[in-house]
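Source file: data.txt. Holds: compact mmCIF, C-alpha atoms.
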# COMPACT_ATOMS: atom_id res chain seq x y z
CA MET A 1 5.99 -3.25 -1.57
CA GLY A 2 4.79 0.10 -0.25
CA SER A 3 6.08 2.08 -3.19
CA PRO A 4 2.95 1.97 -5.40
CA THR A 5 0.81 3.00 -2.43
CA LEU A 6 3.27 5.71 -1.45
CA GLN A 7 3.37 6.97 -5.04
CA PHE A 8 -0.42 7.05 -5.16
CA LEU A 9 -0.69 8.97 -1.89
CA LEU A 10 1.98 11.45 -2.98
CA ARG A 11 0.25 11.92 -6.31
CA LEU A 12 -3.06 12.61 -4.53
CA GLU A 13 -1.44 15.07 -2.14
CA LEU A 14 0.47 16.92 -4.83
CA SER A 15 -2.43 16.97 -7.29
CA SER A 16 -4.81 18.16 -4.59
CA ALA A 17 -2.46 21.00 -3.63
CA ASP A 18 -2.10 22.01 -7.28
CA SER A 19 -5.86 21.80 -7.88
CA THR A 20 -6.56 23.98 -4.84
CA ARG A 21 -4.02 26.54 -6.02
CA LYS A 22 -5.48 26.63 -9.55
CA LYS A 23 -9.00 27.20 -8.18
CA GLY A 24 -7.71 30.24 -6.33
CA ARG A 25 -8.32 28.84 -2.88
CA LYS A 26 -6.07 30.02 -0.14
CA GLN A 27 -3.56 27.47 1.06
CA GLN A 28 0.05 27.18 2.00
CA ASN A 29 2.07 27.61 -1.17
CA ASP A 30 4.82 25.18 -0.28
CA THR A 31 4.02 21.47 -0.40
CA LEU A 32 7.07 20.90 1.79
CA SER A 33 5.35 22.59 4.72
CA GLN A 34 5.05 20.59 7.91
CA GLY A 35 2.40 17.93 8.13
CA THR A 36 2.43 16.80 4.52
CA LEU A 37 3.46 13.36 3.36
CA LEU A 38 6.06 14.96 1.11
CA SER A 39 7.59 16.86 4.04
CA LYS A 40 7.81 13.64 6.04
CA LEU A 41 9.48 11.89 3.12
CA LEU A 42 11.91 14.65 2.18
CA GLY A 43 12.49 16.32 5.52
CA GLY A 44 10.25 19.38 5.09
CA GLU A 45 11.46 22.93 4.99
CA GLY A 46 15.19 23.33 5.33
CA ALA A 47 15.84 19.99 3.65
CA GLU A 48 19.54 20.60 4.20
CA ASP A 49 19.26 18.16 7.10
CA THR A 50 21.95 15.53 6.55
CA ASN A 51 19.64 12.55 7.10
CA SER A 52 16.98 13.92 4.73
CA SER A 53 19.59 14.76 2.12
CA ALA A 54 21.20 11.32 2.33
CA PHE A 55 17.81 9.63 2.12
CA LEU A 56 16.76 11.66 -0.92
CA GLN A 57 20.05 10.96 -2.67
CA SER A 58 19.64 7.25 -2.01
CA LEU A 59 16.28 7.37 -3.80
CA PHE A 60 18.07 8.39 -7.02
CA TYR A 61 19.80 5.03 -7.30
CA ASP A 62 17.27 2.70 -5.69
CA THR A 63 15.16 0.69 -8.14
CA VAL A 64 12.01 1.14 -6.03
CA GLY A 65 12.75 4.51 -4.45
CA SER A 66 13.49 6.13 -7.79
CA HIS A 67 9.85 5.63 -8.79
CA VAL A 68 8.75 7.53 -5.70
CA LEU A 69 11.09 10.36 -6.62
CA GLU A 70 9.80 10.36 -10.22
CA THR A 71 6.27 10.86 -8.84
CA VAL A 72 7.42 13.75 -6.66
CA ILE A 73 9.12 15.41 -9.64
CA GLN A 74 6.20 14.89 -11.97
CA PHE A 75 3.40 16.06 -9.68
CA SER A 76 5.00 18.71 -7.44
CA ASN A 77 4.20 22.35 -7.99
CA GLN A 78 6.76 24.62 -9.63
CA THR A 79 7.93 26.10 -6.31
CA THR A 80 8.64 22.69 -4.79
CA PHE A 81 10.25 21.37 -7.96
CA LYS A 82 12.50 24.44 -8.26
CA GLY A 83 13.69 23.97 -4.68
CA LEU A 84 14.41 20.29 -5.22
CA TYR A 85 16.08 20.96 -8.57
CA ASP A 86 18.36 23.68 -7.21
CA GLU A 87 19.27 21.67 -4.10
CA TYR A 88 19.58 18.12 -5.44
CA PHE A 89 19.41 17.79 -9.22
CA LYS A 90 21.10 20.74 -10.90
CA ASP A 91 24.68 19.69 -10.25
CA ARG A 92 23.98 15.94 -10.26
CA LEU A 93 22.07 15.48 -13.53
CA PRO A 94 25.17 14.72 -15.63
CA SER A 95 26.30 11.98 -13.25
CA MET A 96 22.74 10.70 -12.82
CA SER A 97 22.45 10.34 -16.60
CA ARG A 98 25.21 7.71 -16.50
CA ASN A 99 23.36 5.45 -14.06
CA GLU A 100 20.75 3.02 -15.36
CA THR A 101 18.35 3.72 -12.46
CA ALA A 102 19.02 7.39 -11.74
CA SER A 103 18.73 8.25 -15.44
CA PHE A 104 14.96 7.73 -15.23
CA VAL A 105 14.77 10.26 -12.39
CA ALA A 106 16.97 12.63 -14.42
CA VAL A 107 14.63 12.39 -17.43
CA LYS A 108 11.63 13.33 -15.27
CA ALA A 109 13.55 16.34 -13.94
CA VAL A 110 14.62 17.40 -17.45
CA ASP A 111 10.95 17.32 -18.52
CA ARG A 112 10.26 20.10 -16.01
CA LEU A 113 13.12 22.43 -16.95
CA ASP A 114 12.59 25.80 -18.57
CA GLU A 115 14.54 26.84 -21.67
CA LYS A 116 17.39 28.54 -19.81
CA GLN A 117 17.89 25.60 -17.43
CA LEU A 118 17.78 23.17 -20.35
CA GLU A 119 20.45 25.08 -22.27
CA ALA A 120 22.75 25.03 -19.23
CA LEU A 121 22.17 21.30 -18.80
CA ILE A 122 22.92 20.57 -22.45
CA ASP A 123 26.21 22.45 -22.15
CA GLY A 124 27.12 20.11 -19.27
CA LEU A 125 25.92 16.92 -20.97
CA VAL A 126 27.41 17.34 -24.47
CA PRO A 127 30.97 16.52 -23.32
CA LEU A 128 29.64 13.30 -21.72
CA VAL A 129 28.01 11.90 -24.88
CA PRO A 130 31.10 10.03 -26.13
CA ASN A 131 31.49 8.49 -22.68
CA LEU A 132 27.82 7.47 -22.58
CA LEU A 133 28.01 5.95 -26.06
CA GLY A 134 31.28 4.18 -25.29
CA THR A 135 29.76 2.55 -22.23
CA TRP A 136 26.70 1.49 -24.20
CA ALA A 137 28.66 0.19 -27.20
CA ASN A 138 31.29 -1.65 -25.14
CA PRO A 139 29.65 -3.03 -21.99
CA GLU A 140 32.00 -4.96 -19.75

The structure in this file should be written as structure tokens.
Amino acid sequence: MGSPTLQFLLRLELSSADSTRKKGRKQQNDTLSQGTLLSKLLGGEGAEDTNSSAFLQSLFYDTVGSHVLETVIQFSNQTTFKGLYDEYFKDRLPSMSRNETASFVAVKAVDRLDEKQLEALIDGLVPLVPNLLGTWANPE
């Protein structure tokens, strides 16, 4: 029930931080700095914390939590997104693409990739296409 509200608050926080940065105002560059809603959700700086990591990974596959993660991906600044991508998405996108919930999170992440990152991802996904089509064509 709290997901739409949480998404809205995250969107406000992330949009506000991006707006402040674009206007040239001085602020902390990292939206994962302490005291932000995003840092409380994802564990802040040094998100290698086991509990934070496990929680974030559970959001990939949760039908409600995945929407929160989609909002974070869509509205976070490039620095925050790059950190999350390198830590959590880069190696998991092929497996996420096979899951009916996590695939929506994967699509949001792919939307943010630069050309080089996209080429590397495609190289990893092409071998999976027959598997993805086989699952779709022959559901059990």

(Q) If we draw a sphere of 12 Å around (18.2, 17.4, -10.6), which residues have at least one atom in it when counting all atoms listed in the file? Please report them as a count of residues only. (A) 38

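For the atom pair formed by atom CA of Ser15 of chain A and atom CA of Thr36 of chain A, the distance is 12.8 Å, given to one decimal.
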
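What separates atom CA of Pro4 of chain A from atom CA of Val68 of chain A is a distance of 8.0 Å.
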
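Nearest-residue note for Leu9 of chain A: choosing from A:Thr71, A:Thr63, A:Asn77, A:Ser53, the minimum distance belongs to A:Thr71, counting all atoms listed in the file.
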
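With only C-alpha atoms as the atoms that count, the residue of A:Arg98, A:Leu38, A:Thr50, A:Ser3 with the shortest distance to Ser66 of chain A is A:Ser3.
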
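Taking atom CA of Gln74 of chain A and atom CA of Ser39 of chain A as the two end points, the separation is 16.2 Å.
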